[in-house]
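**Q** Next comes protein-v3.tsv, TSV, C-alpha atoms:
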```tsv
chain	number	residue	atom	x	y	z
P	18	MET	CA	-8.81	17.28	3.45
P	19	LEU	CA	-6.80	19.75	1.43
P	20	ALA	CA	-8.79	22.53	-0.15
P	21	ASN	CA	-8.23	23.73	-3.69
P	22	ILE	CA	-4.80	22.21	-4.07
P	23	GLN	CA	-2.74	23.72	-6.83
P	24	GLU	CA	-0.07	21.61	-8.46
P	25	ASN	CA	2.83	23.88	-7.59
P	26	GLU	CA	1.77	24.09	-3.96
P	27	TRP	CA	2.68	20.52	-3.15
P	28	TYR	CA	5.30	19.39	-5.65
P	29	LYS	CA	7.07	22.68	-6.27
P	30	GLY	CA	10.76	22.17	-5.88
P	31	CYS	CA	10.62	18.52	-6.84
P	32	SER	CA	12.30	19.04	-10.21
P	33	SER	CA	15.40	17.35	-8.86
P	34	LEU	CA	13.31	14.28	-8.15
P	35	VAL	CA	12.08	14.10	-11.73
P	36	THR	CA	15.53	13.99	-13.26
P	37	LYS	CA	15.82	10.31	-12.40
P	38	PRO	CA	13.13	7.92	-13.69
P	39	LEU	CA	11.71	5.27	-11.41
P	40	GLN	CA	14.17	2.44	-11.29
P	41	ARG	CA	13.15	-0.66	-13.16
P	42	ARG	CA	14.78	-4.05	-12.83
P	43	ASN	CA	13.85	-6.74	-15.31
P	44	LYS	CA	16.24	-9.60	-14.62
P	45	ILE	CA	14.47	-12.69	-15.87
P	46	ASP	CA	16.45	-14.98	-13.56
P	47	ASN	CA	15.84	-12.82	-10.48
P	48	PRO	CA	12.47	-11.06	-10.84
P	49	THR	CA	11.40	-8.21	-8.62
P	50	LEU	CA	8.46	-8.57	-6.26
P	51	ALA	CA	6.54	-6.09	-8.41
P	52	LYS	CA	7.18	-8.12	-11.57
P	53	LEU	CA	5.95	-11.28	-9.90
P	54	ALA	CA	2.92	-9.51	-8.44
P	55	ILE	CA	1.71	-8.36	-11.85
P	56	THR	CA	2.56	-11.54	-13.79
P	57	ARG	CA	1.95	-14.43	-11.37
P	58	PRO	CA	-1.62	-14.87	-10.08
P	59	GLY	CA	-0.62	-16.43	-6.76
P	60	ALA	CA	2.23	-14.06	-5.93
P	61	THR	CA	0.40	-11.42	-3.88
P	62	ARG	CA	-1.16	-13.96	-1.53
P	63	VAL	CA	2.23	-15.55	-0.87
P	64	PHE	CA	3.87	-12.16	-0.34
P	65	LEU	CA	1.18	-11.09	2.13
P	66	LYS	CA	1.53	-14.39	3.97
P	67	HIS	CA	5.27	-13.86	4.48
P	68	GLY	CA	5.14	-10.10	5.04
P	69	LEU	CA	7.00	-9.26	1.81
P	70	ASP	CA	6.35	-5.67	0.72
P	71	PHE	CA	5.46	-5.90	-2.97
P	72	CYS	CA	3.98	-2.39	-3.14
P	73	CYS	CA	6.23	0.30	-1.62
P	74	ARG	CA	9.42	-1.74	-2.06
P	75	GLY	CA	8.29	-3.92	-4.91
P	76	ARG	CA	11.15	-2.98	-7.22
P	77	ARG	CA	13.64	-5.02	-5.17
P	78	PRO	CA	14.78	-8.45	-6.46
P	79	LEU	CA	13.20	-11.50	-4.86
P	80	ASP	CA	16.49	-13.02	-3.69
P	81	GLU	CA	17.55	-9.77	-1.97
P	82	VAL	CA	14.27	-9.52	-0.04
P	83	CYS	CA	14.28	-13.21	0.87
P	84	SER	CA	17.86	-12.96	2.11
P	85	GLU	CA	16.86	-10.19	4.52
P	86	LYS	CA	13.86	-12.19	5.74
P	87	GLY	CA	15.69	-15.51	6.05
P	88	LEU	CA	13.55	-17.09	3.34
P	89	ASP	CA	14.42	-19.36	0.42
P	90	PRO	CA	13.51	-17.60	-2.84
P	91	ASN	CA	13.03	-20.92	-4.61
P	92	ALA	CA	10.60	-22.01	-1.91
P	93	ILE	CA	8.70	-18.74	-2.37
P	94	LEU	CA	8.49	-19.36	-6.11
P	95	ASP	CA	7.24	-22.88	-5.43
P	96	GLU	CA	4.56	-21.49	-3.12
P	97	ILE	CA	3.47	-19.06	-5.81
P	98	THR	CA	3.19	-21.92	-8.29
P	99	ASN	CA	1.13	-23.98	-5.85
P	100	GLU	CA	-1.08	-21.10	-4.75
P	101	GLU	CA	-4.59	-21.21	-6.11
P	102	THR	CA	-5.22	-18.65	-8.78
P	103	ASN	CA	-6.08	-15.13	-7.68
P	104	ALA	CA	-6.88	-13.25	-10.85
P	105	ASP	CA	-8.27	-10.13	-9.20
P	106	LEU	CA	-5.13	-7.97	-9.23
P	107	LEU	CA	-4.07	-9.27	-12.63
P	108	GLU	CA	-7.48	-8.42	-14.03
P	109	LEU	CA	-7.27	-4.94	-12.55
P	110	ALA	CA	-3.77	-4.43	-13.92
P	111	ALA	CA	-5.03	-5.24	-17.41
P	112	ARG	CA	-7.77	-2.60	-17.36
P	113	PRO	CA	-7.46	0.58	-19.46
P	114	THR	CA	-5.80	3.45	-17.62
P	115	ARG	CA	-8.91	5.56	-17.02
P	116	GLU	CA	-10.85	2.53	-15.81
P	117	LEU	CA	-8.03	1.60	-13.44
P	118	VAL	CA	-7.93	5.14	-12.02
P	119	ASP	CA	-11.71	5.10	-11.55
P	120	PHE	CA	-11.52	1.79	-9.70
P	121	ILE	CA	-8.71	2.91	-7.40
P	122	GLU	CA	-10.60	6.07	-6.47
P	123	GLY	CA	-14.03	4.47	-6.27
P	124	TYR	CA	-12.99	1.39	-4.32
P	125	TYR	CA	-9.74	1.79	-2.40
P	126	HIS	CA	-10.09	5.50	-1.62
P	127	LYS	CA	-13.70	5.10	-0.57
P	128	ARG	CA	-12.92	2.16	1.70
P	129	LEU	CA	-10.05	3.96	3.43
P	130	ARG	CA	-12.23	6.98	4.19
P	131	ALA	CA	-14.95	4.78	5.64
P	132	GLU	CA	-12.78	2.28	7.49
P	133	LEU	CA	-10.09	4.33	9.23
P	134	PRO	CA	-12.42	6.43	11.47
P	135	GLU	CA	-14.14	3.24	12.66
P	136	LEU	CA	-10.81	1.56	13.35
P	137	ILE	CA	-9.68	4.56	15.38
P	138	THR	CA	-12.87	4.41	17.47
P	139	MET	CA	-12.37	0.69	18.10
P	140	ALA	CA	-8.71	1.17	19.03
P	141	GLU	CA	-9.57	3.93	21.50
P	142	LYS	CA	-12.17	1.66	23.11
P	143	VAL	CA	-9.75	-1.24	23.41
P	144	GLU	CA	-7.03	0.92	24.92
P	145	LYS	CA	-9.46	2.41	27.45
P	146	VAL	CA	-11.10	-0.83	28.52
P	147	HIS	CA	-7.91	-2.90	28.64
P	148	ALA	CA	-5.47	-0.25	29.86
P	149	SER	CA	-4.46	-2.34	32.88
P	150	LYS	CA	-3.38	-5.33	30.76
P	151	SER	CA	0.26	-5.69	29.79
P	152	THR	CA	-0.80	-6.77	26.31
P	153	CYS	CA	-2.88	-3.64	25.71
P	154	PRO	CA	-1.91	-2.11	22.33
P	155	ARG	CA	-0.94	1.26	23.78
P	156	ALA	CA	-0.30	4.00	21.21
P	157	LEU	CA	-2.33	2.14	18.58
P	158	ALA	CA	-5.11	4.73	18.40
P	159	GLY	CA	-2.57	7.55	18.22
P	160	HIS	CA	-0.75	5.85	15.37
P	161	LEU	CA	-4.01	5.28	13.52
P	162	HIS	CA	-4.76	9.00	13.83
P	163	THR	CA	-1.39	9.67	12.19
P	164	VAL	CA	-2.11	7.13	9.45
P	165	HIS	CA	-5.56	8.61	8.85
P	166	SER	CA	-4.26	12.16	8.51
P	167	ALA	CA	-1.46	11.13	6.14
P	168	ILE	CA	-3.78	9.08	3.97
P	169	LEU	CA	-6.45	11.78	3.69
P	170	ASP	CA	-3.78	14.24	2.60
P	171	HIS	CA	-2.45	11.74	0.07
P	172	LEU	CA	-5.87	10.87	-1.37
P	173	ALA	CA	-6.68	14.56	-1.81
P	174	LYS	CA	-3.53	15.11	-3.85
P	175	GLU	CA	-4.35	12.20	-6.11
P	176	GLU	CA	-8.00	13.11	-6.57
P	177	GLN	CA	-7.54	16.85	-7.04
P	178	VAL	CA	-4.33	16.92	-9.08
P	179	LEU	CA	-2.84	13.65	-10.31
P	180	PHE	CA	-5.92	11.67	-11.32
P	181	PRO	CA	-7.54	14.56	-13.25
P	182	MET	CA	-4.18	15.05	-14.99
P	183	ILE	CA	-4.10	11.38	-16.02
P	184	ARG	CA	-7.74	11.37	-17.12
P	185	SER	CA	-7.21	14.45	-19.28
P	186	GLY	CA	-4.21	12.91	-20.98
P	187	SER	CA	-1.72	15.46	-19.60
P	188	ARG	CA	0.90	12.82	-18.99
P	189	ASP	CA	3.84	15.07	-19.84
P	190	HIS	CA	3.31	16.94	-16.57
P	191	ALA	CA	2.67	13.89	-14.37
P	192	GLY	CA	6.29	13.10	-13.52
P	193	ALA	CA	6.65	15.40	-10.50
P	194	PRO	CA	3.36	14.52	-8.78
P	195	ILE	CA	3.96	10.82	-9.38
P	196	ARG	CA	7.38	11.15	-7.80
P	197	VAL	CA	5.81	12.74	-4.72
P	198	MET	CA	3.15	10.03	-4.53
P	199	ASP	CA	5.86	7.39	-4.79
P	200	GLN	CA	7.72	8.92	-1.86
P	201	GLU	CA	4.56	9.15	0.22
P	202	HIS	CA	3.86	5.49	-0.51
P	203	GLU	CA	7.18	4.75	1.19
P	204	ASP	CA	5.88	6.61	4.25
P	205	HIS	CA	2.67	4.58	4.19
P	206	GLY	CA	4.74	1.41	4.02
P	207	ARG	CA	6.69	2.41	7.13
P	208	ASN	CA	3.42	3.21	8.89
P	209	LEU	CA	2.15	-0.27	8.08
P	210	GLU	CA	5.34	-1.83	9.42
P	211	TYR	CA	4.89	0.00	12.71
P	212	LEU	CA	1.22	-0.98	12.78
P	213	ARG	CA	2.16	-4.65	12.45
P	214	ALA	CA	4.70	-4.25	15.24
P	215	LEU	CA	2.15	-2.62	17.57
P	216	THR	CA	-0.35	-5.43	16.96
P	217	HIS	CA	2.13	-8.34	16.85
P	218	GLU	CA	1.24	-9.02	13.21
P	219	PHE	CA	-2.46	-8.53	14.02
P	220	ILE	CA	-2.52	-11.50	16.40
P	221	ALA	CA	-4.73	-10.75	19.40
P	222	PRO	CA	-3.69	-12.19	22.79
P	223	PRO	CA	-5.73	-14.98	24.41
P	224	GLU	CA	-7.45	-12.55	26.79
P	225	ALA	CA	-8.62	-10.26	23.98
P	226	CYS	CA	-12.31	-9.40	23.91
P	227	ALA	CA	-14.48	-9.58	20.79
P	228	THR	CA	-13.87	-5.92	19.92
P	229	TRP	CA	-10.12	-6.37	20.24
P	230	LYS	CA	-10.14	-9.43	17.98
P	231	ALA	CA	-12.41	-7.73	15.45
P	232	LEU	CA	-10.15	-4.67	15.44
P	233	TYR	CA	-7.09	-6.74	14.56
P	234	LEU	CA	-9.00	-8.63	11.89
P	235	ARG	CA	-10.10	-5.39	10.25
P	236	LEU	CA	-6.64	-3.83	10.59
P	237	ASN	CA	-5.18	-6.84	8.83
P	238	ARG	CA	-7.65	-6.46	5.98
P	239	MET	CA	-7.02	-2.71	5.76
P	240	SER	CA	-3.27	-3.32	5.64
P	241	ASP	CA	-3.61	-5.90	2.86
P	242	GLU	CA	-5.87	-3.64	0.82
P	243	LEU	CA	-3.57	-0.65	1.23
P	244	MET	CA	-0.67	-2.77	-0.03
P	245	GLU	CA	-2.73	-3.87	-3.04
P	246	HIS	CA	-3.75	-0.24	-3.63
P	247	ILE	CA	-0.15	1.02	-3.58
P	248	HIS	CA	0.98	-1.91	-5.72
P	249	LEU	CA	-1.51	-1.05	-8.46
P	250	GLU	CA	-0.28	2.54	-8.48
P	251	ASN	CA	3.49	2.01	-8.09
P	252	ASN	CA	3.86	-1.02	-10.32
P	253	VAL	CA	1.04	-0.66	-12.85
P	254	LEU	CA	-0.50	2.81	-13.14
P	255	PHE	CA	2.54	5.04	-12.61
P	256	PRO	CA	4.92	3.16	-14.98
P	257	ARG	CA	2.17	3.10	-17.60
P	258	VAL	CA	1.71	6.87	-17.35
P	259	LEU	CA	5.44	7.64	-17.28
P	260	TYR	CA	6.69	5.18	-19.85
P	261	GLY	CA	3.63	4.31	-21.93
```
Show me this structure written as structure tokens.
**A**
Amino acid sequence: MLANIQENEWYKGCSSLVTKPLQRRNKIDNPTLAKLAITRPGATRVFLKHGLDFCCRGRRPLDEVCSEKGLDPNAILDEITNEETNADLLELAARPTRELVDFIEGYYHKRLRAELPELITMAEKVEKVHASKSTCPRALAGHLHTVHSAILDHLAKEEQVLFPMIRSGSRDHAGAPIRVMDQEHEDHGRNLEYLRALTHEFIAPPEACATWKALYLRLNRMSDELMEHIHLENNVLFPRVLYG
């Protein structure tokens, strides 16, 4: 954890980053992933199913992302339409700003702090017990240590600087810290991509023991929740603070 963080200690020198506002695309005929995620109840489930990053890279148009993934954007839209309603994220996105901040800190931040140390312990056990197997997820525990350290640093910045700033109504000074958080979210997204690669999309091999299977199940849930967490900040909270 960072101790007694001062604003200018971690975003000093970022003035060049603030000169350009967060890019926003609003093409009605080609919506961004972020736009769909906050307006279509079934969108996030479909995106998670297909590995489409609607949080860190949510400002990209649907057809561009689908082209890279070899997917049909119209088929994705059909899936969203057919998906059973998931109002949770939409309900959260509609909450007042202070209430949304409180939820993010009280739920997502708390869960990350509790879950990541346990996942690291499980990964270390799996790597030790199954070291001789070719399918052993070597380097997984080390990567989770990296993820844990980066996330703790990130949460501290939000809780000690950005969130108090938002709660106090000091939005005029929030541009620089939000820009830094946005960049760090990109780093988290890359960490999740590598995590999925290490675990073969969280699919345990046939010879996996119960701990191994449980580890992948919990990693999958953690990954999904982190994507939801970043989505609510990047695509709901931050634009609301910056643009009203």
**Q** State, in Å with one decimal place, the distance from CA of Asp89 (chain P) to CA of Gln200 (chain P).
**A**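 These atoms are spaced 29.2 Å apart.
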**Q** Which residue, P:Ser187, P:Ser149, P:Ser240, P:Thr216, has the smallest gap to Leu259 (chain P) when you use only C-alpha atoms?
**A**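 When distances to Leu259 (chain P) are compared using only C-alpha atoms, the smallest one comes from P:Ser187.
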**Q** Restricting the calculation to only C-alpha atoms, which member of P:Leu179, P:Ile93, P:Leu243, P:Ile55 is positioned closest to Ala193 (chain P)?
**A**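 Nearest to Ala193 (chain P): P:Leu179.
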**Q** Of the residues P:His190, P:Arg130, P:Lys230, P:Lys145, which is the one nearest to Asp170 (chain P), using all atoms listed in the file?
**A**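 The shortest atom-to-atom distance to Asp170 (chain P) comes from P:Arg130.
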**Q** Counting only C-alpha atoms, select every polymer residue within 10 Å of (18.2, -10.4, -6.7) as defined in the file's coordinates, and provide the selection as a list in words.
**A** Arg42, Lys44, Asp46, Asn47, Pro48, Thr49, Leu50, Arg77, Pro78, Leu79, Asp80, Glu81, Val82, Cys83, Ser84 and Pro90 of chain P
**Q** Rounded to one decimal place, report the CA of Leu236 (chain P)-CA of Arg196 (chain P) distance in Å.
**A**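 So the two atoms, CA of Leu236 (chain P) and CA of Arg196 (chain P), lie 27.6 Å apart.
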**Q** For region 106-119 of chain P, work out the shell of residues within 6 Å, counting all atoms listed in the file and skipping chain neighbours fewer than 3 positions away, then give it as an MDAnalysis selection string.
**A** chainID P and resid 55 122:123 184
**Q** Any chance you could export the current selection's C-alpha atoms as a short mmCIF file (atom, residue, chain, number, x, y, z; two decimals), in the frame of the given file?
**A**
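New file part02.cif:
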```
data_model
loop_
_atom_site.label_atom_id
_atom_site.label_comp_id
_atom_site.auth_asym_id
_atom_site.auth_seq_id
_atom_site.Cartn_x
_atom_site.Cartn_y
_atom_site.Cartn_z
CA ILE P 55 1.71 -8.36 -11.85
CA GLU P 122 -10.60 6.07 -6.47
CA GLY P 123 -14.03 4.47 -6.27
CA ARG P 184 -7.74 11.37 -17.12
#
```
**Q** To one decimal place in Å, what is the distance between CA of Pro134 (chain P) and CA of His165 (chain P)?
**A**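 Those two atoms sit 7.7 Å apart.
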**Q** Could you check which of P:Gly59, P:Met244, P:Val253, P:Glu201 is closest to Asp105 (chain P), using all atoms listed in the file?
**A**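 With all atoms listed in the file as the atom set, the closest residue is P:Gly59.
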**Q** Return the single residue from P:His248, P:Lys86, P:Lys52, P:His126 that is closest to Leu169 (chain P), with distances computed using all atoms listed in the file.
**A**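 Checking each candidate against Leu169 (chain P), we get P:His126 as the closest.
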**Q** I'd like the contact shell of Arg213 (chain P) - 12 Å cut-off, only C-alpha atoms, skipping same-chain residues fewer than 3 positions apart - returned as an mmCIF file with C-alpha atoms, in the coordinates of the input.
**A**
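So the final result, stored in around-v1.cif, reads:
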```cif
data_model
loop_
_atom_site.group_PDB
_atom_site.id
_atom_site.type_symbol
_atom_site.label_atom_id
_atom_site.label_comp_id
_atom_site.auth_asym_id
_atom_site.auth_seq_id
_atom_site.Cartn_x
_atom_site.Cartn_y
_atom_site.Cartn_z
ATOM 1 C CA GLY P 68 5.140 -10.100 5.040
ATOM 2 C CA PRO P 154 -1.910 -2.110 22.330
ATOM 3 C CA LEU P 157 -2.330 2.140 18.580
ATOM 4 C CA HIS P 160 -0.750 5.850 15.370
ATOM 5 C CA LEU P 161 -4.010 5.280 13.520
ATOM 6 C CA GLY P 206 4.740 1.410 4.020
ATOM 7 C CA ARG P 207 6.690 2.410 7.130
ATOM 8 C CA ASN P 208 3.420 3.210 8.890
ATOM 9 C CA LEU P 209 2.150 -0.270 8.080
ATOM 10 C CA GLU P 210 5.340 -1.830 9.420
ATOM 11 C CA THR P 216 -0.350 -5.430 16.960
ATOM 12 C CA HIS P 217 2.130 -8.340 16.850
ATOM 13 C CA GLU P 218 1.240 -9.020 13.210
ATOM 14 C CA PHE P 219 -2.460 -8.530 14.020
ATOM 15 C CA ILE P 220 -2.520 -11.500 16.400
ATOM 16 C CA ALA P 221 -4.730 -10.750 19.400
ATOM 17 C CA TYR P 233 -7.090 -6.740 14.560
ATOM 18 C CA LEU P 234 -9.000 -8.630 11.890
ATOM 19 C CA LEU P 236 -6.640 -3.830 10.590
ATOM 20 C CA ASN P 237 -5.180 -6.840 8.830
ATOM 21 C CA ARG P 238 -7.650 -6.460 5.980
ATOM 22 C CA MET P 239 -7.020 -2.710 5.760
ATOM 23 C CA SER P 240 -3.270 -3.320 5.640
ATOM 24 C CA ASP P 241 -3.610 -5.900 2.860
#
```
**Q** From the options P:Gly261, P:Cys72, P:Glu100, P:Lys66, which residue's atoms come nearest to Asp189 (chain P), counting all atoms listed in the file?
**A**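 Among P:Gly261, P:Cys72, P:Glu100, P:Lys66, it is P:Gly261 that comes nearest to Asp189 (chain P).
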**Q** Using only C-alpha atoms, can you list as a JSON list (two decimals) with C-alpha atoms, keeping the file's coordinate frame the residues within 9 Å of (-11.4, 8.9, 15.0)?
**A**
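The resulting result-v5.json:
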```json
[["chain", "number", "residue", "atom", "x", "y", "z"],
["P", 133, "LEU", "CA", -10.09, 4.33, 9.23],
["P", 134, "PRO", "CA", -12.42, 6.43, 11.47],
["P", 135, "GLU", "CA", -14.14, 3.24, 12.66],
["P", 136, "LEU", "CA", -10.81, 1.56, 13.35],
["P", 137, "ILE", "CA", -9.68, 4.56, 15.38],
["P", 138, "THR", "CA", -12.87, 4.41, 17.47],
["P", 139, "MET", "CA", -12.37, 0.69, 18.10],
["P", 141, "GLU", "CA", -9.57, 3.93, 21.50],
["P", 158, "ALA", "CA", -5.11, 4.73, 18.40],
["P", 161, "LEU", "CA", -4.01, 5.28, 13.52],
["P", 162, "HIS", "CA", -4.76, 9.00, 13.83],
["P", 165, "HIS", "CA", -5.56, 8.61, 8.85]]
```
**Q** Build an axis-aligned box that encloses every atom of region 136-152 of chain P listed in the file, pad it by 4 Å on each side, and report its centre and edge lengths in Å to one decimal, as JSON.
**A**
```
{"center_x": -6.3, "center_y": -1.1, "center_z": 23.1, "size_x": 21.1, "size_y": 19.3, "size_z": 27.5}
```
